[in-house]
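Student: My questions will all concern the structure given below.
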Amino acid sequence: MDRGQVLDLGTLCRIKDWTRRVFETLDFIGYIRTFVLAPLLQLKNHQQPRGLRRVEFTFSDQDIDLLKSTVAEYSPQKIISAMNNTVTVYLSCRKALFPSTIKLHHRTEKRAMEYYHKVISKVATK
């Protein structure tokens with residue numbers, strides 16, 4: 001993956017052999033875990049956001065289990081499960097962290113999730 005290129009989940013359903021993008025997808029999930037989920041969990045626990053640095057020593061067992069659920073294996077079903085768990089963990093953290101005064105864009109979120117589920121359903125049937 002080029003530096004300026006972001007993984008587009010839609011590419012997974014447009015290419016004939018989606019397994020050519022498995023490592024890219026695994027890397028993308030790891031990126032989200034390191035730079036989005038771990039810092040959100042750290043903020044939730046009143047810690048400095050520092051990626052995955054020392055989380056085994058500072059996170060509760062429950063938070064470690066949440067992060068572990070986002071680790072995928074080299075299999076379509078495991079990747080889909082990890083991606084679904086990534087979305088769930090993100091939404092859970094967002095709900096815990098953002099006060100009700102923050103205006104969320106529910107319409108945009110709905111469209112993004114519709115696209116996500118459309119792509120996942122195509123990948124799952126290949």
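Ordering of the structure tokens sets the chain letters (A, B, ...), residue numbers begin anew at 1 in every chain, and ligands are numbered from 1 in the order given.
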Find the residues near region 26-37 of chain A: any atom within 12 Å, counting only C-alpha atoms, skip ones fewer than 4 places away on the same chain, and give them as an MDAnalysis selection string.
Tutor: chainID A and resid 1 5:9 19:22 41:44 49:55 63:64 66:76 78:94
Student: Take the selection from the previous step and output its residues with N, CA and C atoms, as a short mmCIF file (atom, residue, chain, number, x, y, z; two decimals), in the first residue's frame.
Tutor:
```cif
data_model
loop_
_atom_site.label_atom_id
_atom_site.label_comp_id
_atom_site.auth_asym_id
_atom_site.auth_seq_id
_atom_site.Cartn_x
_atom_site.Cartn_y
_atom_site.Cartn_z
N MET A 1 0.84 -1.17 0.00
CA MET A 1 0.00 0.00 0.00
C MET A 1 0.89 1.24 0.00
N GLN A 5 -2.10 6.18 -0.04
CA GLN A 5 -3.26 5.37 -0.41
C GLN A 5 -3.92 4.81 0.85
N VAL A 6 -5.22 4.89 0.91
CA VAL A 6 -5.97 4.34 2.03
C VAL A 6 -6.74 3.13 1.52
N LEU A 7 -6.80 2.10 2.34
CA LEU A 7 -7.54 0.91 1.94
C LEU A 7 -9.01 1.25 1.77
N ASP A 8 -9.53 0.92 0.61
CA ASP A 8 -10.95 1.10 0.32
C ASP A 8 -11.58 -0.28 0.38
N LEU A 9 -12.49 -0.47 1.32
CA LEU A 9 -13.10 -1.79 1.47
C LEU A 9 -13.79 -2.23 0.20
N THR A 19 -8.01 -12.35 -1.90
CA THR A 19 -6.91 -12.70 -1.01
C THR A 19 -5.64 -11.92 -1.31
N ARG A 20 -5.57 -11.31 -2.48
CA ARG A 20 -4.40 -10.48 -2.78
C ARG A 20 -4.35 -9.25 -1.87
N ARG A 21 -5.46 -8.93 -1.20
CA ARG A 21 -5.52 -7.75 -0.34
C ARG A 21 -5.60 -8.11 1.14
N VAL A 22 -5.43 -9.36 1.49
CA VAL A 22 -5.58 -9.77 2.88
C VAL A 22 -4.57 -9.09 3.79
N LEU A 41 -9.48 3.95 24.29
CA LEU A 41 -9.59 3.19 25.54
C LEU A 41 -8.74 3.82 26.64
N GLN A 42 -7.57 4.36 26.27
CA GLN A 42 -6.73 5.02 27.25
C GLN A 42 -7.42 6.29 27.79
N LEU A 43 -8.01 7.06 26.90
CA LEU A 43 -8.74 8.24 27.35
C LEU A 43 -9.91 7.86 28.26
N LYS A 44 -10.60 6.79 27.89
CA LYS A 44 -11.73 6.31 28.70
C LYS A 44 -11.27 5.97 30.11
N PRO A 49 -3.11 9.10 25.91
CA PRO A 49 -3.21 8.26 24.71
C PRO A 49 -1.84 8.03 24.08
N ARG A 50 -1.40 6.77 24.08
CA ARG A 50 -0.07 6.44 23.57
C ARG A 50 -0.07 5.19 22.71
N GLY A 51 -1.11 4.99 21.94
CA GLY A 51 -1.15 3.80 21.10
C GLY A 51 -1.20 2.55 21.94
N LEU A 52 -0.45 1.55 21.53
CA LEU A 52 -0.47 0.27 22.24
C LEU A 52 0.62 0.15 23.30
N ARG A 53 1.31 1.23 23.56
CA ARG A 53 2.42 1.18 24.51
C ARG A 53 1.95 0.75 25.89
N ARG A 54 2.45 -0.39 26.34
CA ARG A 54 2.25 -0.94 27.68
C ARG A 54 0.78 -1.19 28.05
N VAL A 55 -0.08 -1.40 27.08
CA VAL A 55 -1.50 -1.61 27.41
C VAL A 55 -1.72 -2.86 28.26
N ASP A 63 -10.81 -4.51 28.80
CA ASP A 63 -10.31 -3.71 27.68
C ASP A 63 -9.31 -4.51 26.83
N ILE A 64 -8.51 -5.33 27.47
CA ILE A 64 -7.58 -6.20 26.72
C ILE A 64 -8.38 -7.15 25.84
N LEU A 66 -11.34 -6.64 24.63
CA LEU A 66 -11.89 -5.85 23.52
C LEU A 66 -10.86 -5.70 22.40
N LEU A 67 -9.63 -5.35 22.77
CA LEU A 67 -8.57 -5.21 21.75
C LEU A 67 -8.26 -6.55 21.09
N LYS A 68 -8.22 -7.61 21.87
CA LYS A 68 -7.94 -8.93 21.30
C LYS A 68 -9.00 -9.34 20.29
N SER A 69 -10.22 -8.90 20.50
CA SER A 69 -11.30 -9.27 19.57
C SER A 69 -11.13 -8.61 18.20
N THR A 70 -10.23 -7.62 18.10
CA THR A 70 -9.99 -6.94 16.83
C THR A 70 -8.78 -7.50 16.09
N VAL A 71 -8.17 -8.54 16.63
CA VAL A 71 -7.02 -9.18 15.98
C VAL A 71 -7.54 -10.29 15.07
N ALA A 72 -7.18 -10.20 13.80
CA ALA A 72 -7.69 -11.17 12.82
C ALA A 72 -6.63 -12.19 12.44
N GLU A 73 -7.11 -13.30 11.92
CA GLU A 73 -6.24 -14.31 11.33
C GLU A 73 -6.40 -14.23 9.82
N TYR A 74 -5.59 -14.97 9.12
CA TYR A 74 -5.59 -14.96 7.65
C TYR A 74 -6.74 -15.83 7.14
N SER A 75 -7.95 -15.34 7.31
CA SER A 75 -9.14 -16.03 6.83
C SER A 75 -10.25 -15.00 6.67
N PRO A 76 -11.04 -15.12 5.61
CA PRO A 76 -12.10 -14.13 5.37
C PRO A 76 -13.04 -13.97 6.56
N LYS A 78 -12.57 -14.65 9.76
CA LYS A 78 -11.87 -14.06 10.92
C LYS A 78 -11.64 -12.57 10.70
N ILE A 79 -11.33 -12.19 9.47
CA ILE A 79 -11.13 -10.77 9.17
C ILE A 79 -12.44 -10.00 9.31
N ILE A 80 -13.52 -10.57 8.79
CA ILE A 80 -14.83 -9.92 8.91
C ILE A 80 -15.21 -9.78 10.38
N SER A 81 -14.99 -10.82 11.16
CA SER A 81 -15.29 -10.78 12.59
C SER A 81 -14.47 -9.69 13.29
N ALA A 82 -13.18 -9.61 12.98
CA ALA A 82 -12.32 -8.59 13.58
C ALA A 82 -12.76 -7.18 13.18
N MET A 83 -13.17 -7.03 11.93
CA MET A 83 -13.63 -5.71 11.47
C MET A 83 -14.94 -5.33 12.18
N ASN A 84 -15.85 -6.29 12.31
CA ASN A 84 -17.09 -6.02 13.03
C ASN A 84 -16.80 -5.64 14.48
N ASN A 85 -15.87 -6.34 15.12
CA ASN A 85 -15.50 -6.03 16.50
C ASN A 85 -14.82 -4.66 16.59
N THR A 86 -14.05 -4.30 15.59
CA THR A 86 -13.41 -2.98 15.56
C THR A 86 -14.46 -1.88 15.56
N VAL A 87 -15.47 -2.05 14.73
CA VAL A 87 -16.57 -1.07 14.67
C VAL A 87 -17.28 -1.00 16.02
N THR A 88 -17.56 -2.16 16.62
CA THR A 88 -18.27 -2.21 17.90
C THR A 88 -17.47 -1.53 19.01
N VAL A 89 -16.17 -1.80 19.07
CA VAL A 89 -15.32 -1.19 20.10
C VAL A 89 -15.28 0.33 19.90
N TYR A 90 -15.13 0.77 18.65
CA TYR A 90 -15.10 2.21 18.38
C TYR A 90 -16.40 2.88 18.83
N LEU A 91 -17.53 2.31 18.46
CA LEU A 91 -18.82 2.91 18.83
C LEU A 91 -19.01 2.92 20.34
N SER A 92 -18.56 1.88 21.01
CA SER A 92 -18.65 1.81 22.46
C SER A 92 -17.79 2.90 23.12
N CYS A 93 -16.57 3.07 22.63
CA CYS A 93 -15.69 4.11 23.18
C CYS A 93 -16.25 5.49 22.91
N ARG A 94 -16.75 5.68 21.72
CA ARG A 94 -17.32 6.98 21.36
C ARG A 94 -18.48 7.33 22.29
#
```
Student: Residues of chain A classed as alpha helix (DSSP H) by DSSP on the backbone are to be reported as an NGL selection string.
Tutor: :A and (9-14 or 22-32 or 38-44 or 55-58 or 61-68 or 76-97 or 106-124)
Student: Using only C-alpha atoms, which of A:Val119, A:Ala38, A:Ile102, A:Ala124 sits nearest Glu56 (chain A)?
Tutor: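 Smallest distance to Glu56 (chain A) is found for A:Ala38.
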